[in-house]
$ cat start_25.txt   # compact mmCIF, N, CA and C atoms
# COMPACT_ATOMS: atom_id res chain seq x y z
N MET A 217 0.82 -1.20 0.00
CA MET A 217 0.00 0.00 0.00
C MET A 217 0.87 1.27 0.00
N LYS A 218 1.94 1.26 0.78
CA LYS A 218 2.82 2.42 0.84
C LYS A 218 3.53 2.65 -0.49
N LYS A 219 3.88 1.55 -1.18
CA LYS A 219 4.54 1.69 -2.49
C LYS A 219 3.60 2.32 -3.51
N ILE A 220 2.34 1.92 -3.48
CA ILE A 220 1.35 2.47 -4.41
C ILE A 220 1.15 3.96 -4.13
N LEU A 221 1.02 4.32 -2.86
CA LEU A 221 0.85 5.71 -2.49
C LEU A 221 2.08 6.54 -2.87
N PHE A 222 3.25 6.02 -2.61
CA PHE A 222 4.49 6.71 -2.95
C PHE A 222 4.61 6.89 -4.46
N THR A 223 4.30 5.85 -5.22
CA THR A 223 4.34 5.91 -6.69
C THR A 223 3.33 6.94 -7.20
N PHE A 224 2.14 6.96 -6.61
CA PHE A 224 1.12 7.92 -7.01
C PHE A 224 1.58 9.36 -6.73
N LEU A 225 2.18 9.59 -5.56
CA LEU A 225 2.67 10.93 -5.23
C LEU A 225 3.79 11.39 -6.16
N ILE A 226 4.70 10.50 -6.48
CA ILE A 226 5.79 10.84 -7.40
C ILE A 226 5.24 11.14 -8.80
N ALA A 227 4.31 10.31 -9.27
CA ALA A 227 3.71 10.53 -10.59
C ALA A 227 2.95 11.86 -10.62
N THR A 228 2.25 12.16 -9.54
CA THR A 228 1.52 13.43 -9.47
C THR A 228 2.49 14.60 -9.51
N LEU A 229 3.59 14.49 -8.83
CA LEU A 229 4.59 15.56 -8.81
C LEU A 229 5.17 15.82 -10.19
N PHE A 230 5.42 14.77 -10.94
CA PHE A 230 6.04 14.93 -12.26
C PHE A 230 5.05 15.29 -13.37
N LEU A 231 3.77 15.09 -13.14
CA LEU A 231 2.78 15.34 -14.18
C LEU A 231 1.97 16.62 -13.95
N THR A 232 2.35 17.42 -12.98
CA THR A 232 1.62 18.66 -12.73
C THR A 232 2.48 19.86 -13.08
N SER A 233 1.82 20.97 -13.25
CA SER A 233 2.52 22.23 -13.50
C SER A 233 1.73 23.35 -12.84
N CYS A 234 2.31 24.51 -12.82
CA CYS A 234 1.67 25.69 -12.24
C CYS A 234 1.47 26.73 -13.33
N ALA A 235 0.38 27.46 -13.23
CA ALA A 235 0.14 28.55 -14.18
C ALA A 235 -0.61 29.66 -13.46
N THR A 236 -0.26 30.89 -13.77
CA THR A 236 -0.99 32.04 -13.26
C THR A 236 -1.33 32.94 -14.44
N HIS A 237 -2.41 33.67 -14.30
CA HIS A 237 -2.85 34.56 -15.36
C HIS A 237 -3.31 35.84 -14.69
N THR A 238 -2.73 36.96 -15.05
CA THR A 238 -3.12 38.23 -14.47
C THR A 238 -3.40 39.24 -15.58
N GLY A 239 -4.42 40.01 -15.39
CA GLY A 239 -4.72 41.11 -16.29
C GLY A 239 -4.28 42.40 -15.64
N ILE A 240 -3.60 43.23 -16.36
CA ILE A 240 -3.08 44.47 -15.80
C ILE A 240 -3.74 45.63 -16.55
N PRO A 241 -4.84 46.18 -16.01
CA PRO A 241 -5.51 47.27 -16.71
C PRO A 241 -4.88 48.62 -16.44
N LYS A 242 -3.60 48.73 -16.70
CA LYS A 242 -2.92 50.01 -16.56
C LYS A 242 -2.01 50.19 -17.76
N ASN A 243 -1.53 51.37 -17.94
CA ASN A 243 -0.75 51.70 -19.12
C ASN A 243 0.70 51.28 -18.92
N TYR A 244 1.03 50.07 -19.36
CA TYR A 244 2.40 49.57 -19.30
C TYR A 244 3.30 50.35 -20.24
N ILE A 245 2.74 50.78 -21.33
CA ILE A 245 3.50 51.49 -22.36
C ILE A 245 2.93 52.90 -22.44
N GLN A 246 3.74 53.87 -22.13
CA GLN A 246 3.27 55.26 -22.12
C GLN A 246 3.13 55.78 -23.54
N ASN A 247 1.95 56.27 -23.86
CA ASN A 247 1.71 56.92 -25.15
C ASN A 247 1.92 58.41 -25.00
N SER A 248 2.43 59.05 -26.02
CA SER A 248 2.66 60.49 -25.95
C SER A 248 1.46 61.28 -26.45
N THR A 249 0.46 60.62 -27.01
CA THR A 249 -0.72 61.30 -27.51
C THR A 249 -1.84 61.15 -26.49
N GLU A 250 -2.49 62.27 -26.19
CA GLU A 250 -3.61 62.24 -25.25
C GLU A 250 -4.90 62.38 -26.03
N VAL A 251 -5.83 61.46 -25.80
CA VAL A 251 -7.12 61.48 -26.48
C VAL A 251 -8.19 61.69 -25.43
N VAL A 252 -8.98 62.74 -25.58
CA VAL A 252 -10.08 63.03 -24.66
C VAL A 252 -11.38 62.69 -25.37
N LEU A 253 -12.11 61.76 -24.80
CA LEU A 253 -13.34 61.29 -25.43
C LEU A 253 -14.55 61.84 -24.67
N THR A 254 -14.77 63.14 -24.78
CA THR A 254 -15.88 63.78 -24.07
C THR A 254 -17.12 63.94 -24.95
N LYS A 255 -16.92 63.96 -26.26
CA LYS A 255 -18.05 64.11 -27.18
C LYS A 255 -18.32 62.78 -27.89
N ASN A 256 -19.48 62.69 -28.46
CA ASN A 256 -19.85 61.51 -29.22
C ASN A 256 -19.41 61.70 -30.67
N ASN A 257 -18.09 61.84 -30.87
CA ASN A 257 -17.56 62.08 -32.21
C ASN A 257 -16.65 60.94 -32.67
N PHE A 258 -16.91 59.75 -32.19
CA PHE A 258 -16.10 58.60 -32.57
C PHE A 258 -16.96 57.34 -32.58
N LYS A 259 -16.45 56.33 -33.25
CA LYS A 259 -17.13 55.03 -33.22
C LYS A 259 -16.07 53.95 -33.04
N VAL A 260 -16.45 52.88 -32.34
CA VAL A 260 -15.55 51.75 -32.11
C VAL A 260 -15.54 50.89 -33.37
N ILE A 261 -14.35 50.66 -33.91
CA ILE A 261 -14.20 49.91 -35.15
C ILE A 261 -14.02 48.42 -34.87
N GLU A 262 -13.06 48.08 -34.01
CA GLU A 262 -12.76 46.68 -33.75
C GLU A 262 -11.94 46.54 -32.47
N ILE A 263 -11.78 45.33 -32.04
CA ILE A 263 -10.90 45.00 -30.92
C ILE A 263 -9.69 44.28 -31.50
N VAL A 264 -8.50 44.74 -31.13
CA VAL A 264 -7.27 44.15 -31.66
C VAL A 264 -6.44 43.60 -30.50
N LYS A 265 -5.60 42.62 -30.81
CA LYS A 265 -4.71 42.08 -29.78
C LYS A 265 -3.41 41.61 -30.41
N GLY A 266 -2.39 41.58 -29.60
CA GLY A 266 -1.08 41.11 -30.01
C GLY A 266 -0.50 40.23 -28.92
N GLU A 267 0.33 39.27 -29.30
CA GLU A 267 0.89 38.33 -28.34
C GLU A 267 2.39 38.20 -28.52
N ALA A 268 3.06 37.89 -27.42
CA ALA A 268 4.48 37.58 -27.44
C ALA A 268 4.74 36.60 -26.31
N GLU A 269 5.67 35.69 -26.53
CA GLU A 269 5.97 34.72 -25.47
C GLU A 269 7.45 34.37 -25.47
N ALA A 270 7.91 33.93 -24.32
CA ALA A 270 9.31 33.54 -24.16
C ALA A 270 9.37 32.41 -23.14
N SER A 271 10.35 31.54 -23.34
CA SER A 271 10.55 30.41 -22.43
C SER A 271 11.89 30.57 -21.73
N TYR A 272 11.93 30.16 -20.48
CA TYR A 272 13.13 30.26 -19.66
C TYR A 272 13.43 28.92 -19.00
N PHE A 273 14.70 28.58 -18.95
CA PHE A 273 15.16 27.41 -18.21
C PHE A 273 16.18 27.91 -17.20
N LEU A 274 15.90 27.69 -15.93
CA LEU A 274 16.73 28.19 -14.84
C LEU A 274 16.86 29.72 -14.89
N GLY A 275 15.81 30.38 -15.37
CA GLY A 275 15.81 31.83 -15.45
C GLY A 275 16.56 32.40 -16.63
N LEU A 276 17.07 31.57 -17.51
CA LEU A 276 17.84 32.03 -18.67
C LEU A 276 17.07 31.77 -19.95
N GLY A 277 17.17 32.71 -20.89
CA GLY A 277 16.55 32.54 -22.20
C GLY A 277 15.45 33.54 -22.43
N GLY A 278 14.96 33.58 -23.64
CA GLY A 278 13.86 34.47 -24.00
C GLY A 278 14.25 35.94 -23.97
N LEU A 279 13.25 36.77 -23.99
CA LEU A 279 13.44 38.21 -23.95
C LEU A 279 13.13 38.72 -22.55
N ALA A 280 13.59 39.90 -22.24
CA ALA A 280 13.23 40.53 -20.97
C ALA A 280 11.74 40.83 -20.98
N ARG A 281 11.14 40.91 -19.82
CA ARG A 281 9.70 41.12 -19.73
C ARG A 281 9.27 42.41 -20.42
N ASN A 282 10.01 43.48 -20.29
CA ASN A 282 9.66 44.72 -20.99
C ASN A 282 9.72 44.53 -22.49
N GLY A 283 10.65 43.74 -22.96
CA GLY A 283 10.73 43.43 -24.38
C GLY A 283 9.52 42.67 -24.87
N LEU A 284 8.99 41.79 -24.06
CA LEU A 284 7.81 41.03 -24.44
C LEU A 284 6.59 41.93 -24.56
N VAL A 285 6.43 42.87 -23.66
CA VAL A 285 5.30 43.79 -23.73
C VAL A 285 5.41 44.64 -25.00
N ALA A 286 6.59 45.14 -25.29
CA ALA A 286 6.79 45.95 -26.49
C ALA A 286 6.53 45.13 -27.75
N GLU A 287 6.98 43.89 -27.75
CA GLU A 287 6.76 43.02 -28.91
C GLU A 287 5.26 42.72 -29.10
N ALA A 288 4.56 42.48 -28.01
CA ALA A 288 3.12 42.22 -28.10
C ALA A 288 2.36 43.45 -28.57
N LYS A 289 2.77 44.63 -28.09
CA LYS A 289 2.11 45.86 -28.53
C LYS A 289 2.38 46.11 -30.02
N ALA A 290 3.60 45.87 -30.47
CA ALA A 290 3.90 46.05 -31.89
C ALA A 290 3.07 45.10 -32.74
N ASP A 291 2.87 43.88 -32.26
CA ASP A 291 2.02 42.91 -32.97
C ASP A 291 0.58 43.41 -33.03
N MET A 292 0.09 43.98 -31.92
CA MET A 292 -1.27 44.51 -31.89
C MET A 292 -1.42 45.68 -32.86
N LEU A 293 -0.46 46.61 -32.83
CA LEU A 293 -0.55 47.78 -33.69
C LEU A 293 -0.43 47.45 -35.18
N SER A 294 0.28 46.37 -35.50
CA SER A 294 0.41 45.98 -36.91
C SER A 294 -0.92 45.51 -37.49
N THR A 295 -1.82 45.03 -36.64
CA THR A 295 -3.13 44.59 -37.11
C THR A 295 -4.20 45.66 -36.99
N ALA A 296 -3.88 46.80 -36.37
CA ALA A 296 -4.88 47.83 -36.10
C ALA A 296 -5.17 48.73 -37.31
N ASN A 297 -4.29 48.76 -38.31
CA ASN A 297 -4.50 49.57 -39.51
C ASN A 297 -4.76 51.03 -39.16
N LEU A 298 -3.81 51.65 -38.46
CA LEU A 298 -3.96 53.03 -38.01
C LEU A 298 -3.37 54.06 -38.96
N GLU A 299 -2.43 53.66 -39.77
CA GLU A 299 -1.68 54.60 -40.60
C GLU A 299 -2.57 55.26 -41.65
N GLY A 300 -2.51 56.60 -41.70
CA GLY A 300 -3.25 57.35 -42.70
C GLY A 300 -4.73 57.50 -42.40
N THR A 301 -5.15 57.20 -41.18
CA THR A 301 -6.55 57.32 -40.81
C THR A 301 -6.67 58.15 -39.53
N SER A 302 -7.90 58.47 -39.17
CA SER A 302 -8.13 59.19 -37.91
C SER A 302 -8.53 58.20 -36.82
N ARG A 303 -7.76 57.14 -36.70
CA ARG A 303 -8.02 56.08 -35.72
C ARG A 303 -6.94 56.06 -34.65
N THR A 304 -7.31 55.53 -33.49
CA THR A 304 -6.35 55.31 -32.41
C THR A 304 -6.81 54.11 -31.58
N VAL A 305 -5.90 53.63 -30.75
CA VAL A 305 -6.21 52.49 -29.87
C VAL A 305 -6.43 53.03 -28.47
N ILE A 306 -7.54 52.62 -27.85
CA ILE A 306 -7.85 53.03 -26.48
C ILE A 306 -8.08 51.78 -25.63
N ASN A 307 -8.20 51.99 -24.34
CA ASN A 307 -8.50 50.92 -23.38
C ASN A 307 -7.54 49.74 -23.50
N GLU A 308 -6.26 50.03 -23.55
CA GLU A 308 -5.26 48.97 -23.65
C GLU A 308 -5.18 48.18 -22.34
N VAL A 309 -5.10 46.87 -22.48
CA VAL A 309 -4.97 45.98 -21.33
C VAL A 309 -3.81 45.03 -21.61
N VAL A 310 -2.93 44.86 -20.62
CA VAL A 310 -1.82 43.93 -20.73
C VAL A 310 -2.11 42.74 -19.83
N GLU A 311 -2.14 41.55 -20.40
CA GLU A 311 -2.36 40.32 -19.64
C GLU A 311 -1.07 39.51 -19.63
N VAL A 312 -0.75 38.94 -18.49
CA VAL A 312 0.47 38.15 -18.33
C VAL A 312 0.07 36.75 -17.89
N LYS A 313 0.48 35.77 -18.66
CA LYS A 313 0.25 34.37 -18.29
C LYS A 313 1.61 33.73 -18.04
N THR A 314 1.78 33.16 -16.85
CA THR A 314 3.02 32.51 -16.48
C THR A 314 2.71 31.05 -16.19
N SER A 315 3.45 30.16 -16.81
CA SER A 315 3.29 28.73 -16.52
C SER A 315 4.66 28.10 -16.37
N GLY A 316 4.72 27.05 -15.59
CA GLY A 316 6.02 26.44 -15.38
C GLY A 316 5.94 25.02 -14.88
N VAL A 317 6.94 24.27 -15.20
CA VAL A 317 7.13 22.91 -14.70
C VAL A 317 8.56 22.82 -14.21
N PHE A 318 8.72 22.64 -12.92
CA PHE A 318 10.04 22.56 -12.28
C PHE A 318 10.90 23.76 -12.62
N LEU A 319 11.93 23.59 -13.39
CA LEU A 319 12.88 24.66 -13.65
C LEU A 319 12.59 25.39 -14.97
N PHE A 320 11.53 25.02 -15.65
CA PHE A 320 11.15 25.59 -16.93
C PHE A 320 9.97 26.54 -16.72
N THR A 321 10.08 27.78 -17.20
CA THR A 321 9.02 28.77 -17.06
C THR A 321 8.71 29.38 -18.43
N LYS A 322 7.44 29.62 -18.68
CA LYS A 322 7.01 30.22 -19.95
C LYS A 322 6.15 31.44 -19.63
N TYR A 323 6.48 32.58 -20.24
CA TYR A 323 5.70 33.81 -20.11
C TYR A 323 5.00 34.09 -21.43
N LYS A 324 3.73 34.45 -21.33
CA LYS A 324 2.98 34.86 -22.52
C LYS A 324 2.32 36.20 -22.19
N ILE A 325 2.59 37.19 -23.01
CA ILE A 325 2.04 38.54 -22.83
C ILE A 325 1.01 38.78 -23.93
N ILE A 326 -0.17 39.23 -23.54
CA ILE A 326 -1.24 39.55 -24.48
C ILE A 326 -1.63 41.01 -24.25
N VAL A 327 -1.52 41.83 -25.29
CA VAL A 327 -1.93 43.23 -25.23
C VAL A 327 -3.15 43.39 -26.12
N SER A 328 -4.21 43.95 -25.57
CA SER A 328 -5.43 44.14 -26.37
C SER A 328 -5.95 45.56 -26.16
N GLY A 329 -6.76 46.00 -27.10
CA GLY A 329 -7.34 47.34 -27.03
C GLY A 329 -8.43 47.50 -28.06
N GLN A 330 -9.14 48.60 -27.96
CA GLN A 330 -10.21 48.92 -28.90
C GLN A 330 -9.72 49.98 -29.88
N VAL A 331 -10.01 49.77 -31.15
CA VAL A 331 -9.68 50.76 -32.18
C VAL A 331 -10.92 51.64 -32.37
N ILE A 332 -10.71 52.95 -32.24
CA ILE A 332 -11.81 53.88 -32.48
C ILE A 332 -11.44 54.78 -33.66
N GLU A 333 -12.46 55.27 -34.33
CA GLU A 333 -12.26 56.19 -35.45
C GLU A 333 -13.07 57.44 -35.17
N PHE A 334 -12.43 58.59 -35.33
CA PHE A 334 -13.11 59.85 -35.11
C PHE A 334 -13.94 60.21 -36.33
N THR A 335 -15.17 60.66 -36.09
CA THR A 335 -16.08 60.98 -37.17
C THR A 335 -16.10 62.47 -37.49
N GLU A 336 -15.57 63.30 -36.62
CA GLU A 336 -15.51 64.76 -36.87
C GLU A 336 -14.08 65.22 -36.94

$ encode --input "start_25.txt" --output "structure tokens"
Amino acid sequence: MKKILFTFLIATLFLTSCATHTGIPKNYIQNSTEVVLTKNNFKVIEIVKGEAEASYFLGLGGLARNGLVAEAKADMLSTANLEGTSRTVINEVVEVKTSGVFLFTKYKIIVSGQVIEFTE
């Protein structure tokens, strides 16, 4: 009975992992443009998102966390089709998902926001 329990505990230890997911509704990346939405002179076009991920073994490898956020934002902006239009991205949210098994850790950063277009 003890061997079965010990084997079960060891198997459980090797077959499990940990993961956390946090949403950060604050401006990780400072924009230099200020948009004041006090009038009804805009419409929401779409919701866009960008992702970046990196894997680490013993804390080594991948990109720095700030680099991941910048990479995810660049991915989001490339799909937003902002160039040459009166559009901007608002309500940006940075989500961080961390998962790991023993000495291996994986970070996934997701940046999302709403694209609005000014009508006046």

$ closest_atom_pairs --input "start_25.txt" --of "stretch 301-336 of chain A" --to "stretch 284-287 of chain A" --cutoff "8 Å" --atoms "only N, CA and C atoms" --output "tab-separated table"
residue	atom	partner	partner_atom	distance
A:Val310	CA	A:Val285	CA	7.7
A:Lys324	C	A:Leu284	C	7.5
A:Ile325	CA	A:Leu284	C	5.9
A:Ile326	N	A:Val285	CA	7.1
A:Val327	N	A:Val285	CA	7.3

$ atom_distance --input "start_25.txt" --atom1 "atom CA of A:Ala270" --atom2 "atom C of A:Val312"
11.6 Å

$ atom_distance --input "start_25.txt" --atom1 "atom CA of A:Leu274" --atom2 "atom C of A:Tyr323"
14.7 Å

$ select_by_dssp --input "start_25.txt" --residues "stretch 243-335 of chain A" --states "alpha helix (DSSP H)" --output "ChimeraX atom specification"
/A:281-296

$ write_last_selection --input "start_25.txt" --atoms "N, CA and C atoms" --output "PDB file, in the coordinates of the input"
ATOM      1  N   ARG A 281      11.140  40.910 -19.820  1.00  0.00           N
ATOM      2  CA  ARG A 281       9.700  41.120 -19.730  1.00  0.00           C
ATOM      3  C   ARG A 281       9.270  42.410 -20.420  1.00  0.00           C
ATOM      4  N   ASN A 282      10.010  43.480 -20.290  1.00  0.00           N
ATOM      5  CA  ASN A 282       9.660  44.720 -20.990  1.00  0.00           C
ATOM      6  C   ASN A 282       9.720  44.530 -22.490  1.00  0.00           C
ATOM      7  N   GLY A 283      10.650  43.740 -22.960  1.00  0.00           N
ATOM      8  CA  GLY A 283      10.730  43.430 -24.380  1.00  0.00           C
ATOM      9  C   GLY A 283       9.520  42.670 -24.870  1.00  0.00           C
ATOM     10  N   LEU A 284       8.990  41.790 -24.060  1.00  0.00           N
ATOM     11  CA  LEU A 284       7.810  41.030 -24.440  1.00  0.00           C
ATOM     12  C   LEU A 284       6.590  41.930 -24.560  1.00  0.00           C
ATOM     13  N   VAL A 285       6.430  42.870 -23.660  1.00  0.00           N
ATOM     14  CA  VAL A 285       5.300  43.790 -23.730  1.00  0.00           C
ATOM     15  C   VAL A 285       5.410  44.640 -25.000  1.00  0.00           C
ATOM     16  N   ALA A 286       6.590  45.140 -25.290  1.00  0.00           N
ATOM     17  CA  ALA A 286       6.790  45.950 -26.490  1.00  0.00           C
ATOM     18  C   ALA A 286       6.530  45.130 -27.750  1.00  0.00           C
ATOM     19  N   GLU A 287       6.980  43.890 -27.750  1.00  0.00           N
ATOM     20  CA  GLU A 287       6.760  43.020 -28.910  1.00  0.00           C
ATOM     21  C   GLU A 287       5.260  42.720 -29.100  1.00  0.00           C
ATOM     22  N   ALA A 288       4.560  42.480 -28.010  1.00  0.00           N
ATOM     23  CA  ALA A 288       3.120  42.220 -28.100  1.00  0.00           C
ATOM     24  C   ALA A 288       2.360  43.450 -28.570  1.00  0.00           C
ATOM     25  N   LYS A 289       2.770  44.630 -28.090  1.00  0.00           N
ATOM     26  CA  LYS A 289       2.110  45.860 -28.530  1.00  0.00           C
ATOM     27  C   LYS A 289       2.380  46.110 -30.020  1.00  0.00           C
ATOM     28  N   ALA A 290       3.600  45.870 -30.470  1.00  0.00           N
ATOM     29  CA  ALA A 290       3.900  46.050 -31.890  1.00  0.00           C
ATOM     30  C   ALA A 290       3.070  45.100 -32.740  1.00  0.00           C
ATOM     31  N   ASP A 291       2.870  43.880 -32.260  1.00  0.00           N
ATOM     32  CA  ASP A 291       2.020  42.910 -32.970  1.00  0.00           C
ATOM     33  C   ASP A 291       0.580  43.410 -33.030  1.00  0.00           C
ATOM     34  N   MET A 292       0.090  43.980 -31.920  1.00  0.00           N
ATOM     35  CA  MET A 292      -1.270  44.510 -31.890  1.00  0.00           C
ATOM     36  C   MET A 292      -1.420  45.680 -32.860  1.00  0.00           C
ATOM     37  N   LEU A 293      -0.460  46.610 -32.830  1.00  0.00           N
ATOM     38  CA  LEU A 293      -0.550  47.780 -33.690  1.00  0.00           C
ATOM     39  C   LEU A 293      -0.430  47.450 -35.180  1.00  0.00           C
ATOM     40  N   SER A 294       0.280  46.370 -35.500  1.00  0.00           N
ATOM     41  CA  SER A 294       0.410  45.980 -36.910  1.00  0.00           C
ATOM     42  C   SER A 294      -0.920  45.510 -37.490  1.00  0.00           C
ATOM     43  N   THR A 295      -1.820  45.030 -36.640  1.00  0.00           N
ATOM     44  CA  THR A 295      -3.130  44.590 -37.110  1.00  0.00           C
ATOM     45  C   THR A 295      -4.200  45.660 -36.990  1.00  0.00           C
ATOM     46  N   ALA A 296      -3.880  46.800 -36.370  1.00  0.00           N
ATOM     47  CA  ALA A 296      -4.880  47.830 -36.100  1.00  0.00           C
ATOM     48  C   ALA A 296      -5.170  48.730 -37.310  1.00  0.00           C
TER      49      ALA A 296
END

$ closest_residue --input "start_25.txt" --among "A:Val317, A:Met217, A:Val264, A:Ile332" --to "A:Arg303" --atoms "only N, CA and C atoms"
A:Ile332

$ atom_distance --input "start_25.txt" --atom1 "atom C of A:Val252" --atom2 "atom CA of A:Gly266"
24.4 Å

$ closest_residue --input "start_25.txt" --among "A:Leu225, A:Ala268, A:Met292, A:Ser315" --to "A:Gly329" --atoms "only N, CA and C atoms"
A:Met292

$ closest_residue --input "start_25.txt" --among "A:Gln330, A:Thr228, A:Leu293, A:Glu336" --to "A:Val260" --atoms "all atoms listed in the file"
A:Gln330
